[in-house]
Structure formats: C-alpha cells, structure tokens
Amino acid sequence: MLAIGYNFAMAHINLNKKSFFNNLDIITQVTSAKDKIAVVLKDNAYGHGLVEMASLCQEYGIKKAVVRNQKEAYHVKDFFENILVLAEIPDTPIPNVVYTLNDINAIKLFPKNTRVEIKTDSGMHRNGVSIDQLENTFTLCREHGLHVEGVFTHHRSADELSTEWFVQEQNFKKIKEKAQEIAQNMGMKHLRFHSQNSAALFRAGECLHDMVRVGIAIYGCLDVNETLYKDKNVDSLKPVLSLHSSKLSSRILKAGERIGYGGIYEAEIDMQVGNYDVGYADGLLRNGSNNFTTPQGHKILGRISMDNVNLDCAEEEICIFDDANTYARSCGTIGYEVLTSMREYIKRSVV
Ligand SMILES: *Cc1c(COP(=O)(O)O)cnc(C)c1O
C-alpha cells in the first residue's frame, strides 16, 4: 500500500483498537449477533487503512465485509468468508466474493457463473433495478448463468426526521416478498436480504433483515440528530482514527506579523508558533484553515499549506484531530469526507 518515495511523510495515523472493539461490541448488541454484521471497508476502510482494519475485524470475529471494487476485495479476501463488491464487474471473479448488479443492462457484462446480489431501487433513485424489473432481472441472470444470492437496497435519509426512511423500508419489504416469490418459483435456495447502513441500523434499533452493512459506526463517527437517536446508544461509539504530525520548525511570531500564504492570520502579541508536517496534499482539508482547534487546544493559524500547517504551539509531536466529525464541522463538510481524504501513504499504527 505504501507509495515509494512518500515513506518519510511525518504525518501518521493512530488506530485505536480499544475504541474499534468497543464500537463492534455496541453494534453486536444492536444486531444481537456478530454474524449479522458486514463491515464496510470501501475506500481504504474510510481512510483508516484497508488491511489494518480487515485484520482487526478478523481478530474480533467478523465474517463479512463490503468493499468498493475488485482490487480492495483482492487485498482482504483471506480475512473474510464473504465479501460484497459494490461497484465493479470483474474479469475473473474471486471465489468468496459476491458482486453487485446495479443495473439490469449490466447482466450481460458479467462472466458466466459470477455470484451476484441484485441492488434494488427503493426510493433513492441512484442505482439498482426497480420492483417492476425484478422478475426480468432474475430470468436474465439465469439465462446468462449468473448465481443470484441476494437482494438489497440503500437508504437515502435514515438519519432524517422525515418519513422517507419508513417509506423506503416499506418499499423494500414489497421487493423482498416479490423476490422470495420469484426465487421459489425458480426453485432457488434462500436469498440474502439487507437494507441497513449505520444510520438505519441505529434508527431501527435492530437488524431488520439477514445482515447490516455498517460503515461509519464501526469507525465511531456516526453523526446523527441527538433527539432522533436519543437512547439509541450512539453516544458510546468512539472515533478510531486520530491524525498526528511532527514539527518541522518553530519561531516567535511578533505582534503585527502575519503567517502563511495570504497572511490571513496576524499575531496580536508576540507568540510561539510551530510548523507541522501535514498539509492538504496529505488529506488535511484546507477548509479547516484558520478555523480549527486541536483536542489539546492548539489553533490552526492562517492557511493550511500543501505539505504543512502552522499552529500556536511548539511541541515536537501533536495530535491534529481525534474526531473526524469535529474537524469536519470546522470545514463545513462531513466526517466521511475528512476520513476518506486521508492519503494511503500515511503510516497507520494500531495502538
Ligand atoms: C457506504 C455504504 C454503506 C455504509 O454506510 P454508512 O453510512 O457508512 O454506514 C452501506 N451500504 C452501501 C451500499 C454503501 O455504499
């Protein structure tokens, strides 16, 4: 995973194993069984490090994972019994991997004998087949020699106060009944059904189908409406990833002097400042410029540069953030974006 030439980058990421296992404990309580959990490890495990997180999942006893593409599946195939790929049609399917059929027109593009799950559109209208296309989809898959093993959908607003989440669940229930009927008529064995992401799992307070696909909650960054999720145990989830950096240089910034590109921060009094080895090229979103305070109370001063950032401190090592949602708020974005921005070459350590 390391890109040659970047091994000396002095930003590093710590992965807190205790917090991660705490999150998996909480999720297991909600689903009532480890076997119902599929961990979502797409996009380098939300920036945490794909193999590092897969290894921890295996140690905890998780058997199922969800990834984005064939390359990710290949890296984690030995850690799990069953892997679902969300978005790639493989040339050569991997035996313990099931691939998502996102569109009825894609059936002919899969190699014969590929294991597939049908993504269905229950109201998000992003991708998936409609309930009206379901029967045709099963028939075409059989004609093309694909093994249909499951049917699933995705929620667009499980964490919002509206009724949309209930409507989508209702729609999926109809899809499920229809799929079961079709499968029975075709003499197929039991299909796997699933609809819930993190927000939908905690909203329902239970696993509604055969498994759940949990991403952001395992990483401890589920950021939901407190009233809506009161008594749902989401407060006990703990962030797993923290970003750290070491000092490149330090100086006294005199009263009236300005620091960094554009000189947007000006010292009111003489002050200690330090320059640290992490920047937006490493994935530290630039919108946090002049606007974020670290967990230890140090402020980012002025603009974040490509490769470094200025703070009002001079410690050798500092923690930039230990909760992606806090950093996200200072940037006007969401924790998901902060986490997935973390570049692959940053060294990850399990602590
Ligand atoms: C990313 C993703 C998930 C996980 O969502 P979280 O909100 O992180 O729990 C689940 N299902 C699908 C299809 C996804 O793309």
# chains A, B, ... in the order shown; residues from 1 in each chain; ligands from 1
$ residues_near_ligand --ligand "ligand 1" --cutoff "7 Å" --atoms "only C-alpha atoms and all ligand atoms" --output "VMD selection string"
chain A and resid 40 86 154 196 to 199 213 to 217
$ write_last_selection --atoms "C-alpha atoms" --output "mmCIF file, in the first residue's frame"
data_model
loop_
_atom_site.group_PDB
_atom_site.id
_atom_site.type_symbol
_atom_site.label_atom_id
_atom_site.label_comp_id
_atom_site.auth_asym_id
_atom_site.auth_seq_id
_atom_site.Cartn_x
_atom_site.Cartn_y
_atom_site.Cartn_z
ATOM 1 C CA VAL A 40 -17.985 -1.660 5.140
ATOM 2 C CA LEU A 86 -20.398 -2.673 -4.644
ATOM 3 C CA HIS A 154 -29.737 1.513 0.324
ATOM 4 C CA GLN A 196 -29.465 -1.048 6.654
ATOM 5 C CA ASN A 197 -26.401 1.175 6.834
ATOM 6 C CA SER A 198 -25.233 2.614 10.181
ATOM 7 C CA ALA A 199 -27.920 5.291 10.495
ATOM 8 C CA ARG A 213 -23.819 -3.016 6.180
ATOM 9 C CA VAL A 214 -22.161 -0.806 8.777
ATOM 10 C CA GLY A 215 -19.536 1.725 7.830
ATOM 11 C CA ILE A 216 -19.309 4.998 9.702
ATOM 12 C CA ALA A 217 -20.493 3.494 13.024
#
$ select_by_dssp --residues "segment 134-244 of chain A" --states "alpha helix (DSSP H)" --output "number ranges by chain"
A: 134-144, 164-185, 198-204
$ select_by_dssp --residues "segment 175-215 of chain A" --states "strand (DSSP E)" --output "list in words"
Arg192, Phe193, His194, Val212, Arg213 and Val214 of chain A
$ write_last_selection --atoms "N, CA and C atoms" --output "PDB file, in the first residue's frame"
ATOM      1  N   ARG A 192     -30.196 -13.804   0.364  1.00  0.00           N
ATOM      2  CA  ARG A 192     -29.799 -12.929   1.463  1.00  0.00           C
ATOM      3  C   ARG A 192     -30.388 -11.539   1.204  1.00  0.00           C
ATOM      4  N   PHE A 193     -31.045 -10.968   2.223  1.00  0.00           N
ATOM      5  CA  PHE A 193     -31.624  -9.632   2.087  1.00  0.00           C
ATOM      6  C   PHE A 193     -30.982  -8.673   3.086  1.00  0.00           C
ATOM      7  N   HIS A 194     -30.750  -7.438   2.643  1.00  0.00           N
ATOM      8  CA  HIS A 194     -30.224  -6.425   3.575  1.00  0.00           C
ATOM      9  C   HIS A 194     -30.504  -5.018   3.062  1.00  0.00           C
ATOM     10  N   VAL A 212     -26.576  -6.395   8.225  1.00  0.00           N
ATOM     11  CA  VAL A 212     -26.494  -4.935   8.084  1.00  0.00           C
ATOM     12  C   VAL A 212     -25.141  -4.589   7.472  1.00  0.00           C
ATOM     13  N   ARG A 213     -25.081  -3.474   6.774  1.00  0.00           N
ATOM     14  CA  ARG A 213     -23.819  -3.016   6.180  1.00  0.00           C
ATOM     15  C   ARG A 213     -23.380  -1.770   6.938  1.00  0.00           C
ATOM     16  N   VAL A 214     -22.529  -1.951   7.940  1.00  0.00           N
ATOM     17  CA  VAL A 214     -22.161  -0.806   8.777  1.00  0.00           C
ATOM     18  C   VAL A 214     -20.791  -0.252   8.418  1.00  0.00           C
TER      19      VAL A 214
END
$ residues_around --residues "segment 333-339 of chain A" --least-positions-apart "3" --cutoff "9 Å" --atoms "only C-alpha atoms" --output "list of chain:residue names"
A:Tyr46, A:Gly47, A:His48, A:Ile216, A:Cys221, A:Leu222, A:Asp223, A:Leu241, A:Gly283, A:Leu284, A:Leu285, A:Asn287, A:Asp323, A:Ala324, A:Asn325, A:Thr326, A:Tyr327, A:Ala328, A:Arg329, A:Ser330, A:Met342
$ write_last_selection --atoms "N, CA, C and O atoms" --output "PDB file, in the first residue's frame"
ATOM      1  N   TYR A  46     -12.589   3.675   4.802  1.00  0.00           N
ATOM      2  CA  TYR A  46     -12.878   5.072   5.151  1.00  0.00           C
ATOM      3  C   TYR A  46     -11.589   5.784   5.595  1.00  0.00           C
ATOM      4  O   TYR A  46     -11.571   6.533   6.568  1.00  0.00           O
ATOM      5  N   GLY A  47     -10.516   5.506   4.848  1.00  0.00           N
ATOM      6  CA  GLY A  47      -9.250   6.173   5.127  1.00  0.00           C
ATOM      7  C   GLY A  47      -8.455   5.587   6.286  1.00  0.00           C
ATOM      8  O   GLY A  47      -7.343   6.035   6.567  1.00  0.00           O
ATOM      9  N   HIS A  48      -8.989   4.577   6.960  1.00  0.00           N
ATOM     10  CA  HIS A  48      -8.304   4.032   8.140  1.00  0.00           C
ATOM     11  C   HIS A  48      -7.154   3.086   7.764  1.00  0.00           C
ATOM     12  O   HIS A  48      -6.271   2.840   8.576  1.00  0.00           O
ATOM     13  N   ILE A 216     -19.723   3.894   8.831  1.00  0.00           N
ATOM     14  CA  ILE A 216     -19.309   4.998   9.702  1.00  0.00           C
ATOM     15  C   ILE A 216     -19.410   4.670  11.200  1.00  0.00           C
ATOM     16  O   ILE A 216     -18.590   5.138  11.994  1.00  0.00           O
ATOM     17  N   CYS A 221     -17.834   7.367  14.060  1.00  0.00           N
ATOM     18  CA  CYS A 221     -18.126   8.732  13.603  1.00  0.00           C
ATOM     19  C   CYS A 221     -19.546   8.888  13.079  1.00  0.00           C
ATOM     20  O   CYS A 221     -19.795   9.695  12.180  1.00  0.00           O
ATOM     21  N   LEU A 222     -20.493   8.123  13.633  1.00  0.00           N
ATOM     22  CA  LEU A 222     -21.893   8.292  13.239  1.00  0.00           C
ATOM     23  C   LEU A 222     -22.379   9.605  13.855  1.00  0.00           C
ATOM     24  O   LEU A 222     -22.389   9.756  15.064  1.00  0.00           O
ATOM     25  N   ASP A 223     -22.729  10.558  12.994  1.00  0.00           N
ATOM     26  CA  ASP A 223     -23.079  11.905  13.446  1.00  0.00           C
ATOM     27  C   ASP A 223     -24.563  12.123  13.153  1.00  0.00           C
ATOM     28  O   ASP A 223     -24.931  12.437  12.036  1.00  0.00           O
ATOM     29  N   LEU A 241      -9.889   6.719  14.514  1.00  0.00           N
ATOM     30  CA  LEU A 241      -8.729   7.328  13.845  1.00  0.00           C
ATOM     31  C   LEU A 241      -8.341   8.659  14.469  1.00  0.00           C
ATOM     32  O   LEU A 241      -9.206   9.497  14.746  1.00  0.00           O
ATOM     33  N   GLY A 283      -4.271  15.177   2.783  1.00  0.00           N
ATOM     34  CA  GLY A 283      -5.699  14.980   3.020  1.00  0.00           C
ATOM     35  C   GLY A 283      -6.265  15.831   4.142  1.00  0.00           C
ATOM     36  O   GLY A 283      -7.439  15.690   4.499  1.00  0.00           O
ATOM     37  N   LEU A 284      -5.442  16.717   4.720  1.00  0.00           N
ATOM     38  CA  LEU A 284      -5.960  17.615   5.755  1.00  0.00           C
ATOM     39  C   LEU A 284      -6.712  18.756   5.044  1.00  0.00           C
ATOM     40  O   LEU A 284      -6.104  19.683   4.505  1.00  0.00           O
ATOM     41  N   LEU A 285      -8.029  18.638   5.012  1.00  0.00           N
ATOM     42  CA  LEU A 285      -8.844  19.543   4.182  1.00  0.00           C
ATOM     43  C   LEU A 285      -8.543  21.008   4.481  1.00  0.00           C
ATOM     44  O   LEU A 285      -8.512  21.445   5.625  1.00  0.00           O
ATOM     45  N   ASN A 287     -10.191  23.642   4.058  1.00  0.00           N
ATOM     46  CA  ASN A 287     -11.231  24.491   4.654  1.00  0.00           C
ATOM     47  C   ASN A 287     -11.125  24.616   6.178  1.00  0.00           C
ATOM     48  O   ASN A 287     -11.790  25.452   6.770  1.00  0.00           O
ATOM     49  N   ASP A 323     -11.182  13.246  16.239  1.00  0.00           N
ATOM     50  CA  ASP A 323     -12.595  13.012  15.938  1.00  0.00           C
ATOM     51  C   ASP A 323     -12.878  13.713  14.603  1.00  0.00           C
ATOM     52  O   ASP A 323     -12.922  14.940  14.535  1.00  0.00           O
ATOM     53  N   ALA A 324     -13.027  12.913  13.566  1.00  0.00           N
ATOM     54  CA  ALA A 324     -13.182  13.474  12.219  1.00  0.00           C
ATOM     55  C   ALA A 324     -14.394  14.397  12.124  1.00  0.00           C
ATOM     56  O   ALA A 324     -14.378  15.362  11.353  1.00  0.00           O
ATOM     57  N   ASN A 325     -15.425  14.134  12.914  1.00  0.00           N
ATOM     58  CA  ASN A 325     -16.625  14.985  12.835  1.00  0.00           C
ATOM     59  C   ASN A 325     -16.351  16.401  13.334  1.00  0.00           C
ATOM     60  O   ASN A 325     -16.907  17.358  12.809  1.00  0.00           O
ATOM     61  N   THR A 326     -15.488  16.529  14.346  1.00  0.00           N
ATOM     62  CA  THR A 326     -15.143  17.860  14.851  1.00  0.00           C
ATOM     63  C   THR A 326     -14.378  18.637  13.782  1.00  0.00           C
ATOM     64  O   THR A 326     -14.658  19.808  13.523  1.00  0.00           O
ATOM     65  N   TYR A 327     -13.423  17.949  13.141  1.00  0.00           N
ATOM     66  CA  TYR A 327     -12.681  18.623  12.077  1.00  0.00           C
ATOM     67  C   TYR A 327     -13.626  18.973  10.923  1.00  0.00           C
ATOM     68  O   TYR A 327     -13.563  20.076  10.360  1.00  0.00           O
ATOM     69  N   ALA A 328     -14.534  18.050  10.615  1.00  0.00           N
ATOM     70  CA  ALA A 328     -15.485  18.268   9.512  1.00  0.00           C
ATOM     71  C   ALA A 328     -16.341  19.515   9.762  1.00  0.00           C
ATOM     72  O   ALA A 328     -16.585  20.297   8.841  1.00  0.00           O
ATOM     73  N   ARG A 329     -16.778  19.695  11.001  1.00  0.00           N
ATOM     74  CA  ARG A 329     -17.621  20.864  11.301  1.00  0.00           C
ATOM     75  C   ARG A 329     -16.879  22.164  11.019  1.00  0.00           C
ATOM     76  O   ARG A 329     -17.460  23.128  10.530  1.00  0.00           O
ATOM     77  N   SER A 330     -15.582  22.202  11.297  1.00  0.00           N
ATOM     78  CA  SER A 330     -14.820  23.432  11.058  1.00  0.00           C
ATOM     79  C   SER A 330     -14.619  23.665   9.559  1.00  0.00           C
ATOM     80  O   SER A 330     -14.202  24.742   9.138  1.00  0.00           O
ATOM     81  N   MET A 342      -7.834  11.041   3.830  1.00  0.00           N
ATOM     82  CA  MET A 342      -6.519  10.650   4.357  1.00  0.00           C
ATOM     83  C   MET A 342      -5.792   9.780   3.336  1.00  0.00           C
ATOM     84  O   MET A 342      -6.275   8.714   2.950  1.00  0.00           O
TER      85      MET A 342
END
$ atom_distance --atom1 "atom CA of Asn23 of chain A" --atom2 "atom CA of Lys173 of chain A"
28.4 Å
$ closest_residue --among "A:Tyr219, A:Leu24, A:Tyr261, A:Pro295" --to "Glu59 of chain A" --atoms "only C-alpha atoms"
A:Leu24
$ residues_around --residues "Pro93 of chain A" --least-positions-apart "2" --cutoff "8 Å" --atoms "only C-alpha atoms" --output "PyMOL selection string"
chain A and resi 90-91+95+97+111+114
$ residues_around --residues "Lys176 of chain A" --least-positions-apart "2" --cutoff "12 Å" --atoms "only C-alpha atoms" --output "PDB file with N, CA, C and O atoms, in the first residue's frame"
ATOM      1  N   ILE A 118     -28.543  -8.546  -6.284  1.00  0.00           N
ATOM      2  CA  ILE A 118     -29.264  -7.531  -7.037  1.00  0.00           C
ATOM      3  C   ILE A 118     -29.500  -6.304  -6.163  1.00  0.00           C
ATOM      4  O   ILE A 118     -30.115  -6.393  -5.107  1.00  0.00           O
ATOM      5  N   LYS A 119     -28.965  -5.180  -6.612  1.00  0.00           N
ATOM      6  CA  LYS A 119     -29.240  -3.908  -5.929  1.00  0.00           C
ATOM      7  C   LYS A 119     -30.593  -3.428  -6.440  1.00  0.00           C
ATOM      8  O   LYS A 119     -30.842  -3.399  -7.649  1.00  0.00           O
ATOM      9  N   THR A 120     -31.492  -3.069  -5.515  1.00  0.00           N
ATOM     10  CA  THR A 120     -32.819  -2.605  -5.928  1.00  0.00           C
ATOM     11  C   THR A 120     -33.027  -1.163  -5.496  1.00  0.00           C
ATOM     12  O   THR A 120     -32.483  -0.719  -4.484  1.00  0.00           O
ATOM     13  N   ASP A 121     -33.821  -0.465  -6.269  1.00  0.00           N
ATOM     14  CA  ASP A 121     -34.115   0.944  -6.005  1.00  0.00           C
ATOM     15  C   ASP A 121     -35.406   1.034  -5.190  1.00  0.00           C
ATOM     16  O   ASP A 121     -36.492   0.786  -5.694  1.00  0.00           O
ATOM     17  N   SER A 122     -35.256   1.417  -3.907  1.00  0.00           N
ATOM     18  CA  SER A 122     -36.445   1.513  -3.050  1.00  0.00           C
ATOM     19  C   SER A 122     -36.848   2.968  -2.830  1.00  0.00           C
ATOM     20  O   SER A 122     -37.694   3.281  -2.001  1.00  0.00           O
ATOM     21  N   SER A 130     -35.650  -1.640 -10.499  1.00  0.00           N
ATOM     22  CA  SER A 130     -36.941  -1.329  -9.880  1.00  0.00           C
ATOM     23  C   SER A 130     -37.710  -2.628  -9.627  1.00  0.00           C
ATOM     24  O   SER A 130     -37.375  -3.673 -10.189  1.00  0.00           O
ATOM     25  N   ILE A 131     -38.750  -2.529  -8.814  1.00  0.00           N
ATOM     26  CA  ILE A 131     -39.541  -3.719  -8.495  1.00  0.00           C
ATOM     27  C   ILE A 131     -40.159  -4.318  -9.764  1.00  0.00           C
ATOM     28  O   ILE A 131     -40.277  -5.530  -9.896  1.00  0.00           O
ATOM     29  N   LEU A 134     -37.798  -6.655 -11.550  1.00  0.00           N
ATOM     30  CA  LEU A 134     -37.217  -7.714 -10.726  1.00  0.00           C
ATOM     31  C   LEU A 134     -37.301  -9.096 -11.383  1.00  0.00           C
ATOM     32  O   LEU A 134     -36.309  -9.821 -11.462  1.00  0.00           O
ATOM     33  N   GLU A 135     -38.494  -9.440 -11.838  1.00  0.00           N
ATOM     34  CA  GLU A 135     -38.700 -10.768 -12.406  1.00  0.00           C
ATOM     35  C   GLU A 135     -37.807 -10.980 -13.635  1.00  0.00           C
ATOM     36  O   GLU A 135     -37.131 -11.994 -13.764  1.00  0.00           O
ATOM     37  N   GLY A 150     -28.537 -12.728  -3.469  1.00  0.00           N
ATOM     38  CA  GLY A 150     -29.147 -11.800  -2.526  1.00  0.00           C
ATOM     39  C   GLY A 150     -29.794 -10.623  -3.223  1.00  0.00           C
ATOM     40  O   GLY A 150     -29.626 -10.419  -4.436  1.00  0.00           O
ATOM     41  N   VAL A 151     -30.552  -9.866  -2.441  1.00  0.00           N
ATOM     42  CA  VAL A 151     -31.236  -8.678  -2.930  1.00  0.00           C
ATOM     43  C   VAL A 151     -31.100  -7.618  -1.844  1.00  0.00           C
ATOM     44  O   VAL A 151     -31.344  -7.895  -0.670  1.00  0.00           O
ATOM     45  N   PHE A 152     -30.668  -6.422  -2.242  1.00  0.00           N
ATOM     46  CA  PHE A 152     -30.516  -5.384  -1.210  1.00  0.00           C
ATOM     47  C   PHE A 152     -30.884  -4.003  -1.731  1.00  0.00           C
ATOM     48  O   PHE A 152     -31.187  -3.803  -2.913  1.00  0.00           O
ATOM     49  N   THR A 153     -30.919  -3.049  -0.808  1.00  0.00           N
ATOM     50  CA  THR A 153     -31.202  -1.665  -1.164  1.00  0.00           C
ATOM     51  C   THR A 153     -30.425  -0.744  -0.227  1.00  0.00           C
ATOM     52  O   THR A 153     -29.759  -1.205   0.705  1.00  0.00           O
ATOM     53  N   GLU A 169     -38.251   1.539   3.628  1.00  0.00           N
ATOM     54  CA  GLU A 169     -38.307   0.205   4.255  1.00  0.00           C
ATOM     55  C   GLU A 169     -39.560  -0.541   3.781  1.00  0.00           C
ATOM     56  O   GLU A 169     -39.508  -1.731   3.500  1.00  0.00           O
ATOM     57  N   GLN A 170     -40.677   0.175   3.690  1.00  0.00           N
ATOM     58  CA  GLN A 170     -41.924  -0.421   3.177  1.00  0.00           C
ATOM     59  C   GLN A 170     -41.726  -0.926   1.752  1.00  0.00           C
ATOM     60  O   GLN A 170     -42.110  -2.037   1.428  1.00  0.00           O
ATOM     61  N   ASN A 171     -41.122  -0.075   0.934  1.00  0.00           N
ATOM     62  CA  ASN A 171     -40.867  -0.468  -0.462  1.00  0.00           C
ATOM     63  C   ASN A 171     -39.971  -1.702  -0.529  1.00  0.00           C
ATOM     64  O   ASN A 171     -40.192  -2.595  -1.339  1.00  0.00           O
ATOM     65  N   PHE A 172     -38.965  -1.720   0.339  1.00  0.00           N
ATOM     66  CA  PHE A 172     -38.042  -2.861   0.312  1.00  0.00           C
ATOM     67  C   PHE A 172     -38.762  -4.136   0.762  1.00  0.00           C
ATOM     68  O   PHE A 172     -38.463  -5.230   0.280  1.00  0.00           O
ATOM     69  N   LYS A 173     -39.683  -3.988   1.699  1.00  0.00           N
ATOM     70  CA  LYS A 173     -40.456  -5.147   2.153  1.00  0.00           C
ATOM     71  C   LYS A 173     -41.208  -5.771   0.970  1.00  0.00           C
ATOM     72  O   LYS A 173     -41.241  -6.991   0.808  1.00  0.00           O
ATOM     73  N   LYS A 174     -41.788  -4.921   0.136  1.00  0.00           N
ATOM     74  CA  LYS A 174     -42.519  -5.412  -1.045  1.00  0.00           C
ATOM     75  C   LYS A 174     -41.552  -6.090  -2.021  1.00  0.00           C
ATOM     76  O   LYS A 174     -41.854  -7.143  -2.587  1.00  0.00           O
ATOM     77  N   LYS A 178     -41.623 -10.056  -3.171  1.00  0.00           N
ATOM     78  CA  LYS A 178     -41.660 -10.406  -4.585  1.00  0.00           C
ATOM     79  C   LYS A 178     -40.461 -11.277  -4.974  1.00  0.00           C
ATOM     80  O   LYS A 178     -40.605 -12.277  -5.674  1.00  0.00           O
ATOM     81  N   ALA A 179     -39.279 -10.895  -4.467  1.00  0.00           N
ATOM     82  CA  ALA A 179     -38.057 -11.654  -4.775  1.00  0.00           C
ATOM     83  C   ALA A 179     -38.157 -13.074  -4.227  1.00  0.00           C
ATOM     84  O   ALA A 179     -37.743 -14.037  -4.890  1.00  0.00           O
ATOM     85  N   GLN A 180     -38.725 -13.195  -3.021  1.00  0.00           N
ATOM     86  CA  GLN A 180     -38.871 -14.529  -2.421  1.00  0.00           C
ATOM     87  C   GLN A 180     -39.800 -15.414  -3.252  1.00  0.00           C
ATOM     88  O   GLN A 180     -39.540 -16.598  -3.445  1.00  0.00           O
ATOM     89  N   GLU A 181     -40.854 -14.772  -3.754  1.00  0.00           N
ATOM     90  CA  GLU A 181     -41.820 -15.498  -4.577  1.00  0.00           C
ATOM     91  C   GLU A 181     -41.157 -15.966  -5.890  1.00  0.00           C
ATOM     92  O   GLU A 181     -41.273 -17.131  -6.277  1.00  0.00           O
ATOM     93  N   ILE A 182     -40.425 -15.036  -6.519  1.00  0.00           N
ATOM     94  CA  ILE A 182     -39.744 -15.370  -7.781  1.00  0.00           C
ATOM     95  C   ILE A 182     -38.741 -16.499  -7.558  1.00  0.00           C
ATOM     96  O   ILE A 182     -38.698 -17.475  -8.315  1.00  0.00           O
ATOM     97  N   ALA A 183     -37.953 -16.348  -6.476  1.00  0.00           N
ATOM     98  CA  ALA A 183     -36.918 -17.351  -6.185  1.00  0.00           C
ATOM     99  C   ALA A 183     -37.542 -18.724  -5.958  1.00  0.00           C
ATOM    100  O   ALA A 183     -37.012 -19.742  -6.418  1.00  0.00           O
ATOM    101  N   HIS A 190     -32.299 -20.201  -0.528  1.00  0.00           N
ATOM    102  CA  HIS A 190     -32.516 -18.979   0.254  1.00  0.00           C
ATOM    103  C   HIS A 190     -31.671 -17.783  -0.223  1.00  0.00           C
ATOM    104  O   HIS A 190     -30.478 -17.913  -0.453  1.00  0.00           O
ATOM    105  N   LEU A 191     -32.309 -16.639  -0.376  1.00  0.00           N
ATOM    106  CA  LEU A 191     -31.587 -15.424  -0.766  1.00  0.00           C
ATOM    107  C   LEU A 191     -31.241 -14.617   0.481  1.00  0.00           C
ATOM    108  O   LEU A 191     -31.917 -14.698   1.495  1.00  0.00           O
ATOM    109  N   ARG A 192     -30.196 -13.804   0.364  1.00  0.00           N
ATOM    110  CA  ARG A 192     -29.799 -12.929   1.463  1.00  0.00           C
ATOM    111  C   ARG A 192     -30.388 -11.539   1.204  1.00  0.00           C
ATOM    112  O   ARG A 192     -30.262 -11.006   0.101  1.00  0.00           O
ATOM    113  N   PHE A 193     -31.045 -10.968   2.223  1.00  0.00           N
ATOM    114  CA  PHE A 193     -31.624  -9.632   2.087  1.00  0.00           C
ATOM    115  C   PHE A 193     -30.982  -8.673   3.086  1.00  0.00           C
ATOM    116  O   PHE A 193     -30.727  -9.040   4.225  1.00  0.00           O
ATOM    117  N   HIS A 194     -30.750  -7.438   2.643  1.00  0.00           N
ATOM    118  CA  HIS A 194     -30.224  -6.425   3.575  1.00  0.00           C
ATOM    119  C   HIS A 194     -30.504  -5.018   3.062  1.00  0.00           C
ATOM    120  O   HIS A 194     -30.537  -4.786   1.846  1.00  0.00           O
ATOM    121  N   SER A 195     -30.716  -4.100   3.996  1.00  0.00           N
ATOM    122  CA  SER A 195     -31.015  -2.719   3.616  1.00  0.00           C
ATOM    123  C   SER A 195     -30.298  -1.689   4.479  1.00  0.00           C
ATOM    124  O   SER A 195     -30.150  -0.548   4.074  1.00  0.00           O
ATOM    125  N   LEU A 208     -33.062  -5.653  10.674  1.00  0.00           N
ATOM    126  CA  LEU A 208     -34.395  -5.947  10.125  1.00  0.00           C
ATOM    127  C   LEU A 208     -34.403  -7.100   9.119  1.00  0.00           C
ATOM    128  O   LEU A 208     -35.454  -7.645   8.828  1.00  0.00           O
ATOM    129  N   HIS A 209     -33.232  -7.434   8.569  1.00  0.00           N
ATOM    130  CA  HIS A 209     -33.189  -8.498   7.559  1.00  0.00           C
ATOM    131  C   HIS A 209     -32.073  -9.478   7.913  1.00  0.00           C
ATOM    132  O   HIS A 209     -31.888  -9.748   9.079  1.00  0.00           O
ATOM    133  N   ASP A 210     -31.324  -9.979   6.918  1.00  0.00           N
ATOM    134  CA  ASP A 210     -30.325 -11.007   7.218  1.00  0.00           C
ATOM    135  C   ASP A 210     -28.989 -10.450   7.691  1.00  0.00           C
ATOM    136  O   ASP A 210     -28.220 -11.137   8.343  1.00  0.00           O
TER     137      ASP A 210
END
$ residues_around --residues "Phe80 of chain A" --least-positions-apart "2" --cutoff "8 Å" --atoms "only C-alpha atoms" --output "list in words"
Gln58, Ile62, Lys63, Lys64, Ala65, Val76, Lys77, Asp78, Asn82 and Ile83 of chain A
$ atom_distance --atom1 "atom CA of Val98 of chain A" --atom2 "atom CA of Val85 of chain A"
6.3 Å
$ residues_around --residues "Ile27 of chain A" --least-positions-apart "4" --cutoff "10 Å" --atoms "only C-alpha atoms" --output "short mmCIF file (atom, residue, chain, number, x, y, z; two decimals) with N, CA and C atoms, in the first residue's frame"
data_model
loop_
_atom_site.label_atom_id
_atom_site.label_comp_id
_atom_site.auth_asym_id
_atom_site.auth_seq_id
_atom_site.Cartn_x
_atom_site.Cartn_y
_atom_site.Cartn_z
N PHE A 21 -13.05 -2.00 18.95
CA PHE A 21 -13.74 -3.16 19.51
C PHE A 21 -14.95 -2.72 20.33
N ASN A 22 -14.84 -1.56 21.01
CA ASN A 22 -15.99 -1.00 21.72
C ASN A 22 -17.15 -0.77 20.73
N ASN A 23 -16.83 -0.20 19.57
CA ASN A 23 -17.88 0.08 18.57
C ASN A 23 -18.50 -1.22 18.07
N THR A 31 -27.47 -5.63 16.73
CA THR A 31 -27.86 -6.66 15.76
C THR A 31 -28.16 -7.99 16.45
N SER A 32 -27.70 -8.12 17.68
CA SER A 32 -27.81 -9.32 18.52
C SER A 32 -26.97 -10.50 18.02
N ALA A 33 -26.16 -10.32 16.98
CA ALA A 33 -25.23 -11.37 16.56
C ALA A 33 -24.13 -10.81 15.67
N LYS A 34 -22.89 -11.26 15.91
CA LYS A 34 -21.75 -10.85 15.08
C LYS A 34 -21.96 -11.25 13.62
N LYS A 36 -24.42 -11.15 11.83
CA LYS A 36 -25.29 -10.27 11.03
C LYS A 36 -24.58 -8.99 10.59
N ILE A 37 -23.31 -8.87 11.00
CA ILE A 37 -22.57 -7.65 10.67
C ILE A 37 -21.71 -7.85 9.43
N SER A 198 -25.35 2.30 8.75
CA SER A 198 -25.23 2.61 10.18
C SER A 198 -26.44 3.37 10.70
N LEU A 201 -29.50 1.20 10.93
CA LEU A 201 -29.41 0.19 11.99
C LEU A 201 -29.77 0.80 13.34
N PHE A 202 -29.14 1.94 13.66
CA PHE A 202 -29.39 2.55 14.97
C PHE A 202 -30.79 3.16 15.04
N GLY A 205 -32.90 0.15 15.68
CA GLY A 205 -32.57 -0.50 16.95
C GLY A 205 -32.46 -2.01 16.84
N GLU A 206 -32.49 -2.52 15.63
CA GLU A 206 -32.34 -3.96 15.41
C GLU A 206 -32.00 -4.22 13.94
N CYS A 207 -31.52 -5.43 13.68
CA CYS A 207 -31.27 -5.85 12.30
C CYS A 207 -32.59 -6.32 11.72
N VAL A 212 -26.58 -6.39 8.22
CA VAL A 212 -26.49 -4.93 8.08
C VAL A 212 -25.14 -4.59 7.47
N VAL A 214 -22.53 -1.95 7.94
CA VAL A 214 -22.16 -0.81 8.78
C VAL A 214 -20.79 -0.25 8.42
N ALA A 217 -20.36 3.82 11.60
CA ALA A 217 -20.49 3.49 13.02
C ALA A 217 -19.32 2.67 13.55
N ILE A 218 -18.76 1.79 12.71
CA ILE A 218 -17.64 0.98 13.21
C ILE A 218 -16.42 1.88 13.46
N ASN A 233 -27.91 4.55 22.03
CA ASN A 233 -26.55 4.11 22.32
C ASN A 233 -25.49 4.64 21.34
N VAL A 234 -25.84 5.61 20.51
CA VAL A 234 -24.83 6.11 19.56
C VAL A 234 -23.75 6.95 20.24
N LEU A 237 -20.35 5.25 20.90
CA LEU A 237 -19.41 4.94 19.82
C LEU A 237 -18.21 5.89 19.94
#
